[in-house]
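Q: To start, I am sharing the structure in question, which I have written as structure tokens.
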Amino acid sequence: MKLLIVAVGQRLPAWAQAACDDYLRRFPPDCKVEVRAVRAEPRTGGKAPLALQAAEHERITAAIESAAGRGARRIALDEHGSAVDTRTLAARLKRWQEGGSSVALMIGGPDGLAPALLEGAHE
């Protein structure tokens, strides 16, 4: 299984990247994890939040399709979603791994994920 994490935003500072790298090494060897940051749409020029989200939607979708393919299971991580504890997340990861398809975790920018990404997400 390939687990892709796509997040809108800048590259992490070195200390945060080191912590992420340490955590990602803990995944089982048969679970390939890739983290991709996509550029946030500039918050200048008076653009409406929906326009900003739409531009980021395109970048997120392109990153998922190039790294995990069109058939990837898409999981939206959103502040309005359900809270998941560690055991539940581990069970979901196991279920996704047994399903055999790639999984993409989507993390939006300051304005969140576009409504179309939320509606099209499997979870």
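Going through the structure tokens in order, the chains are called A, B, and so on, while each chain numbers its residues from 1 and the ligands are numbered from 1 in the order shown.
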Extract the full set of helix (DSSP H, G or I) residues from chain A according to DSSP on the backbone, and format it as number ranges by chain.
A: A: 14-24, 49-67, 86-99, 115-120
Q: Mind checking which residues fall within 12 Å of segment 5-20 of chain A, counting only C-alpha atoms, ignoring those fewer than 6 positions away in the same chain, and posting them as a PyMOL selection string?
A: chain A and resi 26-27+32-42+52-53+55-68+72-78+102-114
Q: Now that the selection is made, can you save its residues with C-alpha atoms as a compact mmCIF listing (two decimals), in the first residue's frame?
A:
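Output file result14.txt is given in full below:
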```txt
# COMPACT_ATOMS: atom_id res chain seq x y z
CA ARG A 26 7.91 3.61 12.23
CA PHE A 27 5.48 2.52 9.51
CA LYS A 32 5.25 3.22 1.54
CA VAL A 33 4.60 6.74 2.83
CA GLU A 34 5.16 9.89 0.82
CA VAL A 35 4.54 13.46 1.96
CA ARG A 36 3.91 16.16 -0.64
CA ALA A 37 3.45 19.84 0.08
CA VAL A 38 1.55 21.83 -2.53
CA ARG A 39 1.78 25.58 -2.83
CA ALA A 40 -0.89 27.63 -1.08
CA GLU A 41 -2.69 30.15 -3.26
CA PRO A 42 -1.45 33.66 -2.34
CA LEU A 52 -8.48 30.18 -3.10
CA GLN A 53 -9.79 26.71 -2.27
CA ALA A 55 -6.89 26.78 -6.94
CA GLU A 56 -5.57 24.57 -4.13
CA HIS A 57 -8.07 21.85 -5.10
CA GLU A 58 -6.40 21.64 -8.52
CA ARG A 59 -2.94 21.31 -6.94
CA ILE A 60 -4.06 18.67 -4.45
CA THR A 61 -5.79 16.63 -7.16
CA ALA A 62 -2.76 16.83 -9.46
CA ALA A 63 -0.43 15.71 -6.64
CA ILE A 64 -2.65 12.73 -5.80
CA GLU A 65 -3.05 11.62 -9.39
CA SER A 66 0.68 11.88 -10.16
CA ALA A 67 1.81 10.09 -7.00
CA ALA A 68 -0.98 7.61 -6.19
CA ALA A 72 -6.54 6.27 -4.69
CA ARG A 73 -8.84 6.28 -1.67
CA ARG A 74 -9.14 9.95 -0.65
CA ILE A 75 -9.38 10.88 3.02
CA ALA A 76 -10.12 14.51 3.93
CA LEU A 77 -8.57 15.74 7.16
CA ASP A 78 -10.79 18.61 8.18
CA SER A 102 -3.33 3.61 -2.43
CA VAL A 103 -4.60 6.07 0.16
CA ALA A 104 -4.27 9.86 -0.01
CA LEU A 105 -4.72 11.99 3.11
CA MET A 106 -5.66 15.54 2.10
CA ILE A 107 -4.88 18.54 4.31
CA GLY A 108 -6.11 21.97 3.22
CA GLY A 109 -4.64 25.41 3.59
CA PRO A 110 -5.74 28.29 5.84
CA ASP A 111 -9.23 28.26 4.32
CA GLY A 112 -9.61 24.48 4.48
CA LEU A 113 -10.38 22.05 1.69
CA ALA A 114 -12.62 22.95 -1.23
```
Q: Which of chain A counts as strand (DSSP E or B) under DSSP, as a PyMOL selection string please?
A: chain A and resi 2-8+32-38+73-77+103-107+109+112
Q: Hey, can you check how far atom CA of Ala83 of chain A sits from atom CA of Pro29 of chain A?
A: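 About the pair atom CA of Ala83 of chain A and atom CA of Pro29 of chain A: they are 26.9 Å apart.
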Q: Would you list the contacts of Gly99 of chain A as a ChimeraX atom specification, taking every protein, DNA or RNA residue within 10 Å and counting only C-alpha atoms, but skipping same-chain residues closer than 5 positions in sequence?
A: /A:1,73,93-94
Q: Which residue out of A:Gly69, A:Gly120, A:Gly81, A:Pro115 has the minimum interatomic distance to Ser101 of chain A when only C-alpha atoms are used?
A: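 Closest residue, counting only C-alpha atoms: A:Gly69.
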Q: Can you work out the spacing between atom CA of Ala54 of chain A and atom CA of Ala116 of chain A in Å, to one decimal?
A: 8.6 Å
Q: Given the choices A:Glu98, A:Tyr23, A:Ala48, A:Cys31, which gets closest to Leu3 of chain A if the distance is worked out from only C-alpha atoms?
A: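 Nearest to Leu3 of chain A: A:Cys31.
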